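Here is the structure we will look at, set down as structure tokens.
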Amino acid sequence: MVDKVWVYAESAEGKATSATLEIVTKARELGSTVEALYTGPDADAVAAGVGEHGATKLFVLDTGDGLPGQVAAAAIAQLAGEHKPDAILFAQSYDGRDAVARLSVKLDKPVLTNNTDVALDGDSIVVETQIFGGTQIV
């Protein structure tokens with residue numbers, strides 16, 4: 001198990017999205033500590049949702065008047081420098097893709113996308129991706 005996994009939380013209709021809750025649940029399998037990062041309204045409702053699924057902390061990032069993905073990436077990069085998460089998981093939504101692309105550049109770390117599973121191999125995080133129409137998993 002790794003120490004700390006972060007999840008980029010998103011909301012719809014005043015609560016955490018189902019993708020966010022699924023990722024938080026998966027993150028519990030990977031890390032001894034799961035924390036979430038969020039930009040947007042209804043932070044208390046989002047905190048309750050991610051908390052029920054295993055997150056122990058919600059960082060609320062104020063995007064102000066800036067572009068949410070740009071400001072979120074800058075804030076997450078700063079927090080990551082301070083808190084050193086082992087992994088940061090994002091949904092493949094418009095907001096998630098925007099923020100993770102910018103964050104990848106700021107942290108000089110790769111983005112692994114289109115994965116169908118995330119797991120542990122010893123103390124390392126590995127991902128699975130289907131190829132050839134799902135007939136093989138790499």
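Letters A, B, ... mark the chains of the structure tokens in the order given; residue numbers begin at 1 per chain; ligand numbers begin at 1, in order shown.
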Find the residues around stretch 33-43 of chain A up to 8 Å (only C-alpha atoms counted), leave out those fewer than 3 positions away in its own chain, and share them as JSON, numbers by chain. {"A": [3, 4, 5, 6, 7, 8, 9, 10, 11, 14, 15, 24, 27, 28, 46, 47, 50, 54, 55, 56, 57, 58, 59, 60, 61, 62, 63, 68, 72, 76]}
Could you pull out the alpha helix (DSSP H) residues of chain A, going by DSSP on the backbone, and write them as JSON, numbers by chain? {"A": [18, 19, 20, 21, 22, 23, 24, 25, 26, 27, 28, 29, 30, 43, 44, 45, 46, 47, 48, 49, 50, 51, 52, 68, 69, 70, 71, 72, 73, 74, 75, 76, 77, 78, 79, 80, 81, 82, 83, 94, 95, 96, 97, 98, 99, 100, 101, 102, 103, 104, 105, 106, 107]}
Which stretch 13-58 of chain A residues have any atom within 10 Å of an atom of stretch 120-123 of chain A, and for each, what is the nearest pair of atoms with distance in Å to one decimal, counting only C-alpha atoms, rows sorted by chain and number, as a tab-separated table?
```
residue	atom	partner	partner_atom	distance
A:Glu29	CA	A:Leu120	CA	8.4
A:Leu30	CA	A:Leu120	CA	6.4
A:Gly31	CA	A:Leu120	CA	9.4
```
File of the preceding selection, N, CA and C atoms, as a CSV table (one decimal), in the first residue's frame:
```
chain,number,residue,atom,x,y,z
A,29,GLU,N,-8.3,1.4,-1.9
A,29,GLU,CA,-7.5,0.2,-2.1
A,29,GLU,C,-6.0,0.4,-2.3
A,30,LEU,N,-5.7,1.6,-2.7
A,30,LEU,CA,-4.3,1.9,-3.0
A,30,LEU,C,-3.5,2.5,-1.9
A,31,GLY,N,-4.1,3.5,-1.2
A,31,GLY,CA,-3.4,4.3,-0.2
A,31,GLY,C,-3.9,4.2,1.2
```
Report the residues of stretch 75-121 of chain A whose backbone DSSP state falls under strand (DSSP E), written as a list of chain:residue names. A:Ala87, A:Ile88, A:Leu89, A:Asp117, A:Val118, A:Ala119, A:Leu120, A:Asp121
Restricting it to N, CA and C atoms, dump the selection as a PDB file, in the first residue's frame.
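The resulting result_33.pdb:
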```pdb
ATOM      1  N   ALA A  87       0.037   9.494  -5.619  1.00  0.00           N
ATOM      2  CA  ALA A  87      -0.709   9.497  -6.877  1.00  0.00           C
ATOM      3  C   ALA A  87      -1.857  10.495  -6.758  1.00  0.00           C
ATOM      4  N   ILE A  88      -2.249  11.044  -7.892  1.00  0.00           N
ATOM      5  CA  ILE A  88      -3.415  11.918  -7.960  1.00  0.00           C
ATOM      6  C   ILE A  88      -4.296  11.370  -9.070  1.00  0.00           C
ATOM      7  N   LEU A  89      -5.521  11.012  -8.729  1.00  0.00           N
ATOM      8  CA  LEU A  89      -6.440  10.392  -9.678  1.00  0.00           C
ATOM      9  C   LEU A  89      -7.502  11.390 -10.125  1.00  0.00           C
ATOM     10  N   ASP A 117      -8.160  -0.117 -15.015  1.00  0.00           N
ATOM     11  CA  ASP A 117      -7.966  -0.479 -13.617  1.00  0.00           C
ATOM     12  C   ASP A 117      -6.683   0.144 -13.106  1.00  0.00           C
ATOM     13  N   VAL A 118      -6.656   0.359 -11.823  1.00  0.00           N
ATOM     14  CA  VAL A 118      -5.476   0.833 -11.107  1.00  0.00           C
ATOM     15  C   VAL A 118      -5.306  -0.121  -9.942  1.00  0.00           C
ATOM     16  N   ALA A 119      -4.079  -0.597  -9.729  1.00  0.00           N
ATOM     17  CA  ALA A 119      -3.847  -1.578  -8.667  1.00  0.00           C
ATOM     18  C   ALA A 119      -2.445  -1.392  -8.100  1.00  0.00           C
ATOM     19  N   LEU A 120      -2.146  -2.184  -7.092  1.00  0.00           N
ATOM     20  CA  LEU A 120      -0.821  -2.188  -6.497  1.00  0.00           C
ATOM     21  C   LEU A 120      -0.061  -3.423  -6.936  1.00  0.00           C
ATOM     22  N   ASP A 121       1.204  -3.224  -7.198  1.00  0.00           N
ATOM     23  CA  ASP A 121       2.136  -4.318  -7.438  1.00  0.00           C
ATOM     24  C   ASP A 121       3.258  -4.098  -6.425  1.00  0.00           C
TER      25      ASP A 121
END
```
